[in-house]
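Engineer: Contents of protein.pdb (PDB, C-alpha atoms, pLDDT in the B column) are below:
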```pdb
ATOM      1  CA  MET U 621     129.072  97.516  61.391  1.00 49.00           C
ATOM      2  CA  SER U 622     126.352  96.352  59.044  1.00 61.00           C
ATOM      3  CA  GLN U 623     123.133  98.206  58.593  1.00 68.00           C
ATOM      4  CA  LEU U 624     120.285  97.128  56.368  1.00 75.00           C
ATOM      5  CA  VAL U 625     119.228  99.977  54.130  1.00 85.00           C
ATOM      6  CA  ILE U 626     116.059  98.169  53.067  1.00 91.00           C
ATOM      7  CA  ASP U 627     113.749  95.750  54.789  1.00 93.00           C
ATOM      8  CA  ILE U 628     114.674  92.324  53.389  1.00 95.00           C
ATOM      9  CA  ARG U 629     111.717  90.564  55.017  1.00 96.00           C
ATOM     10  CA  PRO U 630     109.643  90.790  51.806  1.00 97.00           C
ATOM     11  CA  TYR U 631     112.570  89.158  49.966  1.00 97.00           C
ATOM     12  CA  LEU U 632     112.731  86.376  52.538  1.00 97.00           C
ATOM     13  CA  ASP U 633     108.926  85.992  52.587  1.00 98.00           C
ATOM     14  CA  THR U 634     108.902  84.967  48.928  1.00 98.00           C
ATOM     15  CA  TYR U 635     109.691  81.379  49.909  1.00 98.00           C
ATOM     16  CA  LYS U 636     106.704  81.178  52.234  1.00 98.00           C
ATOM     17  CA  GLN U 637     104.481  82.774  49.590  1.00 98.00           C
ATOM     18  CA  LEU U 638     105.538  80.192  47.012  1.00 98.00           C
ATOM     19  CA  ARG U 639     104.980  77.326  49.455  1.00 98.00           C
ATOM     20  CA  THR U 640     101.510  78.651  50.208  1.00 98.00           C
ATOM     21  CA  ALA U 641     100.724  79.080  46.499  1.00 98.00           C
ATOM     22  CA  ILE U 642     101.405  75.425  45.738  1.00 98.00           C
ATOM     23  CA  GLU U 643      99.952  73.972  48.930  1.00 97.00           C
ATOM     24  CA  GLY U 644      97.626  71.091  48.222  1.00 96.00           C
ATOM     25  CA  LEU U 645      98.537  70.756  44.548  1.00 97.00           C
ATOM     26  CA  THR U 646      99.081  67.236  43.264  1.00 96.00           C
ATOM     27  CA  GLU U 647     102.107  66.254  41.207  1.00 96.00           C
ATOM     28  CA  GLU U 648      99.840  66.242  38.173  1.00 96.00           C
ATOM     29  CA  GLN U 649      98.625  69.779  38.914  1.00 97.00           C
ATOM     30  CA  LEU U 650     102.173  71.024  39.485  1.00 98.00           C
ATOM     31  CA  LYS U 651     103.238  69.686  36.088  1.00 97.00           C
ATOM     32  CA  TRP U 652     100.087  70.596  34.131  1.00 97.00           C
ATOM     33  CA  LYS U 653     100.535  72.977  31.190  1.00 96.00           C
ATOM     34  CA  GLU U 654      97.738  74.788  29.415  1.00 94.00           C
ATOM     35  CA  ASN U 655      99.662  74.283  26.174  1.00 94.00           C
ATOM     36  CA  ALA U 656     103.208  73.648  25.009  1.00 92.00           C
ATOM     37  CA  ASP U 657     104.041  77.382  24.950  1.00 93.00           C
ATOM     38  CA  LYS U 658     103.030  77.952  28.576  1.00 96.00           C
ATOM     39  CA  TRP U 659     104.880  77.087  31.756  1.00 97.00           C
ATOM     40  CA  SER U 660     103.694  74.652  34.385  1.00 98.00           C
ATOM     41  CA  VAL U 661     103.782  75.601  38.066  1.00 98.00           C
ATOM     42  CA  MET U 662     106.965  73.513  38.373  1.00 98.00           C
ATOM     43  CA  GLU U 663     108.536  75.469  35.539  1.00 98.00           C
ATOM     44  CA  VAL U 664     107.592  78.756  37.205  1.00 98.00           C
ATOM     45  CA  LEU U 665     109.286  77.564  40.400  1.00 98.00           C
ATOM     46  CA  SER U 666     112.332  76.488  38.414  1.00 98.00           C
ATOM     47  CA  HIS U 667     112.464  79.878  36.689  1.00 98.00           C
ATOM     48  CA  LEU U 668     112.303  81.718  40.006  1.00 98.00           C
ATOM     49  CA  THR U 669     115.112  79.600  41.417  1.00 98.00           C
ATOM     50  CA  ASP U 670     117.195  80.259  38.291  1.00 97.00           C
ATOM     51  CA  HIS U 671     116.433  83.951  38.643  1.00 97.00           C
ATOM     52  CA  ASN U 672     117.508  83.808  42.285  1.00 98.00           C
ATOM     53  CA  ILE U 673     120.844  82.323  41.156  1.00 97.00           C
ATOM     54  CA  VAL U 674     121.303  85.211  38.727  1.00 97.00           C
ATOM     55  CA  VAL U 675     120.296  87.750  41.400  1.00 97.00           C
ATOM     56  CA  SER U 676     122.845  86.178  43.745  1.00 98.00           C
ATOM     57  CA  PHE U 677     125.514  86.777  41.132  1.00 96.00           C
ATOM     58  CA  ARG U 678     124.310  90.336  40.485  1.00 97.00           C
ATOM     59  CA  ILE U 679     124.459  91.155  44.199  1.00 97.00           C
ATOM     60  CA  ARG U 680     128.062  89.979  44.356  1.00 97.00           C
ATOM     61  CA  GLU U 681     129.045  91.801  41.162  1.00 96.00           C
ATOM     62  CA  ILE U 682     127.648  95.045  42.535  1.00 97.00           C
ATOM     63  CA  ILE U 683     129.235  94.876  45.983  1.00 97.00           C
ATOM     64  CA  SER U 684     132.595  93.829  44.513  1.00 97.00           C
ATOM     65  CA  GLY U 685     132.671  97.009  42.452  1.00 95.00           C
ATOM     66  CA  SER U 686     132.870  95.057  39.203  1.00 93.00           C
ATOM     67  CA  THR U 687     132.486  97.056  36.010  1.00 92.00           C
ATOM     68  CA  VAL U 688     131.275  94.185  33.835  1.00 93.00           C
ATOM     69  CA  PRO U 689     127.606  94.315  32.840  1.00 94.00           C
ATOM     70  CA  LEU U 690     125.287  92.531  35.254  1.00 95.00           C
ATOM     71  CA  PRO U 691     124.347  89.135  33.863  1.00 92.00           C
ATOM     72  CA  ALA U 692     121.164  88.459  31.977  1.00 92.00           C
ATOM     73  CA  PHE U 693     119.782  85.024  31.176  1.00 93.00           C
ATOM     74  CA  GLY U 694     117.582  83.356  28.591  1.00 93.00           C
ATOM     75  CA  GLN U 695     114.696  82.384  30.827  1.00 94.00           C
ATOM     76  CA  ASP U 696     112.793  80.270  28.311  1.00 93.00           C
ATOM     77  CA  ALA U 697     115.885  78.302  27.301  1.00 94.00           C
ATOM     78  CA  TRP U 698     116.844  77.822  30.937  1.00 94.00           C
ATOM     79  CA  VAL U 699     113.358  76.600  31.848  1.00 95.00           C
ATOM     80  CA  SER U 700     113.072  74.175  28.952  1.00 93.00           C
ATOM     81  CA  SER U 701     116.553  72.755  29.485  1.00 95.00           C
ATOM     82  CA  ALA U 702     116.052  72.326  33.257  1.00 94.00           C
ATOM     83  CA  LYS U 703     113.352  69.667  32.766  1.00 95.00           C
ATOM     84  CA  ALA U 704     111.629  70.892  35.918  1.00 95.00           C
ATOM     85  CA  ASN U 705     108.593  68.694  35.350  1.00 95.00           C
ATOM     86  CA  GLU U 706     110.836  65.682  35.887  1.00 95.00           C
ATOM     87  CA  GLY U 707     111.793  66.921  39.357  1.00 95.00           C
ATOM     88  CA  ALA U 708     110.070  67.612  42.645  1.00 96.00           C
ATOM     89  CA  ALA U 709     108.667  70.949  43.764  1.00 97.00           C
ATOM     90  CA  ILE U 710     110.143  70.583  47.249  1.00 97.00           C
ATOM     91  CA  ASP U 711     113.649  70.175  45.806  1.00 97.00           C
ATOM     92  CA  ILE U 712     113.271  73.319  43.711  1.00 98.00           C
ATOM     93  CA  LEU U 713     111.884  75.258  46.664  1.00 98.00           C
ATOM     94  CA  ASP U 714     114.655  74.003  48.954  1.00 98.00           C
ATOM     95  CA  ALA U 715     117.218  75.447  46.534  1.00 98.00           C
ATOM     96  CA  PHE U 716     115.232  78.691  46.332  1.00 98.00           C
ATOM     97  CA  GLN U 717     115.164  78.978  50.127  1.00 98.00           C
ATOM     98  CA  ALA U 718     118.860  78.175  50.446  1.00 98.00           C
ATOM     99  CA  LEU U 719     119.701  81.028  48.084  1.00 98.00           C
ATOM    100  CA  LEU U 720     117.465  83.423  50.023  1.00 98.00           C
ATOM    101  CA  THR U 721     119.104  82.433  53.283  1.00 98.00           C
ATOM    102  CA  TYR U 722     122.658  82.663  51.946  1.00 98.00           C
ATOM    103  CA  ASN U 723     121.999  86.036  50.323  1.00 98.00           C
ATOM    104  CA  SER U 724     120.319  87.388  53.455  1.00 97.00           C
ATOM    105  CA  LEU U 725     123.414  86.517  55.506  1.00 97.00           C
ATOM    106  CA  LEU U 726     125.492  88.568  53.090  1.00 97.00           C
ATOM    107  CA  LEU U 727     123.020  91.440  52.893  1.00 97.00           C
ATOM    108  CA  ARG U 728     122.976  91.735  56.680  1.00 96.00           C
ATOM    109  CA  ARG U 729     126.770  92.163  56.718  1.00 95.00           C
ATOM    110  CA  LEU U 730     126.820  95.057  54.267  1.00 95.00           C
ATOM    111  CA  SER U 731     127.625  98.615  55.221  1.00 93.00           C
ATOM    112  CA  PRO U 732     125.473 101.564  54.139  1.00 92.00           C
ATOM    113  CA  GLN U 733     128.221 102.340  51.603  1.00 93.00           C
ATOM    114  CA  ASP U 734     127.871  98.841  50.120  1.00 94.00           C
ATOM    115  CA  TRP U 735     124.152  99.443  49.661  1.00 93.00           C
ATOM    116  CA  GLU U 736     124.946 102.573  47.626  1.00 92.00           C
ATOM    117  CA  LYS U 737     126.973 100.620  45.064  1.00 95.00           C
ATOM    118  CA  THR U 738     125.569 100.150  41.602  1.00 96.00           C
ATOM    119  CA  GLY U 739     125.969  98.013  38.520  1.00 96.00           C
ATOM    120  CA  VAL U 740     124.910  98.338  34.913  1.00 96.00           C
ATOM    121  CA  ASN U 741     122.594  95.766  33.404  1.00 93.00           C
ATOM    122  CA  PHE U 742     122.676  94.467  29.839  1.00 90.00           C
ATOM    123  CA  LYS U 743     120.218  97.221  28.811  1.00 92.00           C
ATOM    124  CA  GLY U 744     122.647  99.897  30.002  1.00 94.00           C
ATOM    125  CA  GLN U 745     120.533 100.825  33.032  1.00 95.00           C
ATOM    126  CA  THR U 746     122.302 101.618  36.303  1.00 96.00           C
ATOM    127  CA  LEU U 747     120.886  99.582  39.175  1.00 95.00           C
ATOM    128  CA  ALA U 748     121.527 100.049  42.866  1.00 94.00           C
ATOM    129  CA  LEU U 749     121.797  97.012  45.089  1.00 95.00           C
ATOM    130  CA  THR U 750     118.418  97.932  46.582  1.00 95.00           C
ATOM    131  CA  ASP U 751     116.912  97.865  43.074  1.00 95.00           C
ATOM    132  CA  VAL U 752     118.171  94.325  42.487  1.00 96.00           C
ATOM    133  CA  VAL U 753     116.721  92.973  45.734  1.00 96.00           C
ATOM    134  CA  GLN U 754     113.419  94.828  45.464  1.00 96.00           C
ATOM    135  CA  SER U 755     112.902  94.036  41.792  1.00 96.00           C
ATOM    136  CA  PHE U 756     113.450  90.329  42.457  1.00 98.00           C
ATOM    137  CA  THR U 757     110.820  90.462  45.192  1.00 98.00           C
ATOM    138  CA  ALA U 758     108.413  92.202  42.811  1.00 98.00           C
ATOM    139  CA  HIS U 759     109.236  89.651  40.103  1.00 98.00           C
ATOM    140  CA  VAL U 760     108.213  86.831  42.417  1.00 98.00           C
ATOM    141  CA  GLN U 761     104.857  88.597  42.925  1.00 98.00           C
ATOM    142  CA  VAL U 762     104.296  88.585  39.158  1.00 98.00           C
ATOM    143  CA  HIS U 763     104.929  84.853  39.069  1.00 98.00           C
ATOM    144  CA  LEU U 764     102.708  84.194  42.085  1.00 98.00           C
ATOM    145  CA  ALA U 765      99.900  85.701  40.017  1.00 98.00           C
ATOM    146  CA  GLN U 766     100.962  83.456  37.127  1.00 98.00           C
ATOM    147  CA  ILE U 767     100.759  80.402  39.393  1.00 98.00           C
ATOM    148  CA  GLU U 768      97.206  81.423  40.345  1.00 98.00           C
ATOM    149  CA  ARG U 769      96.281  81.752  36.667  1.00 97.00           C
ATOM    150  CA  ILE U 770      97.715  78.298  35.948  1.00 97.00           C
ATOM    151  CA  LYS U 771      95.772  76.818  38.864  1.00 97.00           C
ATOM    152  CA  GLN U 772      92.541  78.445  37.665  1.00 96.00           C
ATOM    153  CA  ALA U 773      93.055  77.301  34.064  1.00 95.00           C
ATOM    154  CA  ASN U 774      93.761  73.773  35.262  1.00 95.00           C
ATOM    155  CA  GLN U 775      90.655  73.803  37.449  1.00 90.00           C
ATOM    156  CA  ALA U 776      88.531  75.112  34.561  1.00 88.00           C
ATOM    157  CA  THR U 777      89.830  72.278  32.380  1.00 84.00           C
ATOM    158  CA  ASP U 778      88.956  69.741  35.100  1.00 72.00           C
ATOM    159  CA  LEU U 779      85.404  71.119  35.331  1.00 72.00           C
ATOM    160  CA  SER U 780      84.723  70.912  31.609  1.00 58.00           C
TER     161      SER U 780
END
```
Go through the file and emit its structure as structure tokens.

Structural biologist:
Amino acid sequence: MSQLVIDIRPYLDTYKQLRTAIEGLTEEQLKWKENADKWSVMEVLSHLTDHNIVVSFRIREIISGSTVPLPAFGQDAWVSSAKANEGAAIDILDAFQALLTYNSLLLRRLSPQDWEKTGVNFKGQTLALTDVVQSFTAHVQVHLAQIERIKQANQATDLS
């Protein structure tokens, strides 16, 4: 019988938080960049979806008992190669939500023993499954703050 060891509602709520954060933004505002070295809101969304893909893989590596290091990824290279500003925010968010939903179905089936399993990341740190899920949720919060900063910088540019 499955038993959730952690409350996954904050994990699932990240989709709603992202939708709320971009509500009312125009396509131009979603794609606006303060400068070439900064991400647009679309690129932040793309990054979070990429990260969710990697987290999905990490979850499966941990519960399978794999001994290979948990995967890392080159976020800047992934973002620039994804050409997110040529896409649509809703498409990116749909993929993000689909990953949340699919992972939540798996997480709900896990036994308490599954939740105790660990993996080792590329830095050599041992991470429990709970760490992976909770750190992703916290990571989204960091990027929600980034989205707010982008929106404010864009608005300040519009006012000047």

Engineer: Give me the residues of range 637-709 of chain U that have any atom at most 9 Å from an atom of range 752-767 of chain U; for each, the nearest atom pair and the distance in Å, rounded to one decimal. Use all atoms listed in the file, sort by chain and number, and format it as JSON lines.

Structural biologist:
```
{"residue": "U:Gln637", "atom": "CA", "partner": "U:Leu764", "partner_atom": "CA", "distance": 7.8}
{"residue": "U:Leu638", "atom": "CA", "partner": "U:Leu764", "partner_atom": "CA", "distance": 6.9}
{"residue": "U:Ala641", "atom": "CA", "partner": "U:Leu764", "partner_atom": "CA", "distance": 7.0}
{"residue": "U:Ile642", "atom": "CA", "partner": "U:Ile767", "partner_atom": "CA", "distance": 8.1}
{"residue": "U:Ser660", "atom": "CA", "partner": "U:Ile767", "partner_atom": "CA", "distance": 8.2}
{"residue": "U:Val661", "atom": "CA", "partner": "U:Ile767", "partner_atom": "CA", "distance": 5.8}
{"residue": "U:Val664", "atom": "CA", "partner": "U:His763", "partner_atom": "CA", "distance": 6.9}
{"residue": "U:Leu665", "atom": "CA", "partner": "U:His763", "partner_atom": "CA", "distance": 8.6}
{"residue": "U:Leu668", "atom": "CA", "partner": "U:Val760", "partner_atom": "CA", "distance": 7.0}
{"residue": "U:His671", "atom": "CA", "partner": "U:Phe756", "partner_atom": "CA", "distance": 8.0}
{"residue": "U:Asn672", "atom": "CA", "partner": "U:Phe756", "partner_atom": "CA", "distance": 7.7}
{"residue": "U:Val675", "atom": "CA", "partner": "U:Val752", "partner_atom": "CA", "distance": 7.0}
{"residue": "U:Arg678", "atom": "CA", "partner": "U:Val752", "partner_atom": "CA", "distance": 7.6}
{"residue": "U:Ile679", "atom": "CA", "partner": "U:Val752", "partner_atom": "CA", "distance": 7.2}
```

Engineer: Selected residues, C-alpha atoms, written as a compact mmCIF listing (two decimals), keeping the file's coordinate frame, please.

Structural biologist:
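Listed below is the output, selection-v9.txt:
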```txt
# COMPACT_ATOMS: atom_id res chain seq x y z
CA GLN U 637 104.48 82.77 49.59
CA LEU U 638 105.54 80.19 47.01
CA ALA U 641 100.72 79.08 46.50
CA ILE U 642 101.40 75.42 45.74
CA SER U 660 103.69 74.65 34.38
CA VAL U 661 103.78 75.60 38.07
CA VAL U 664 107.59 78.76 37.20
CA LEU U 665 109.29 77.56 40.40
CA LEU U 668 112.30 81.72 40.01
CA HIS U 671 116.43 83.95 38.64
CA ASN U 672 117.51 83.81 42.28
CA VAL U 675 120.30 87.75 41.40
CA ARG U 678 124.31 90.34 40.48
CA ILE U 679 124.46 91.16 44.20
```

Engineer: Between U:Lys658, U:Arg629, U:Arg769, U:His667, single out the one closest to Ala715 in chain U, counting all atoms listed in the file.

Structural biologist: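 For Ala715 in chain U, the nearest of the candidates is U:His667.
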
Engineer: U:Leu645, U:Ile770, U:Ala776, U:Leu749: which is nearest Gly685 in chain U, counting only C-alpha atoms?

Structural biologist: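 Checking each candidate against Gly685 in chain U, we get U:Leu749 as the closest.
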
Engineer: Pick from U:Leu730, U:Met662, U:Leu632, U:Ile682: nearest to Gln717 in chain U, with all atoms listed in the file counted?

Structural biologist: U:Leu632

Engineer: Would you work out the distance separating CA of Lys771 in chain U from CA of Val699 in chain U, expressed in Å to one decimal?

Structural biologist: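 The value is 18.9 Å.
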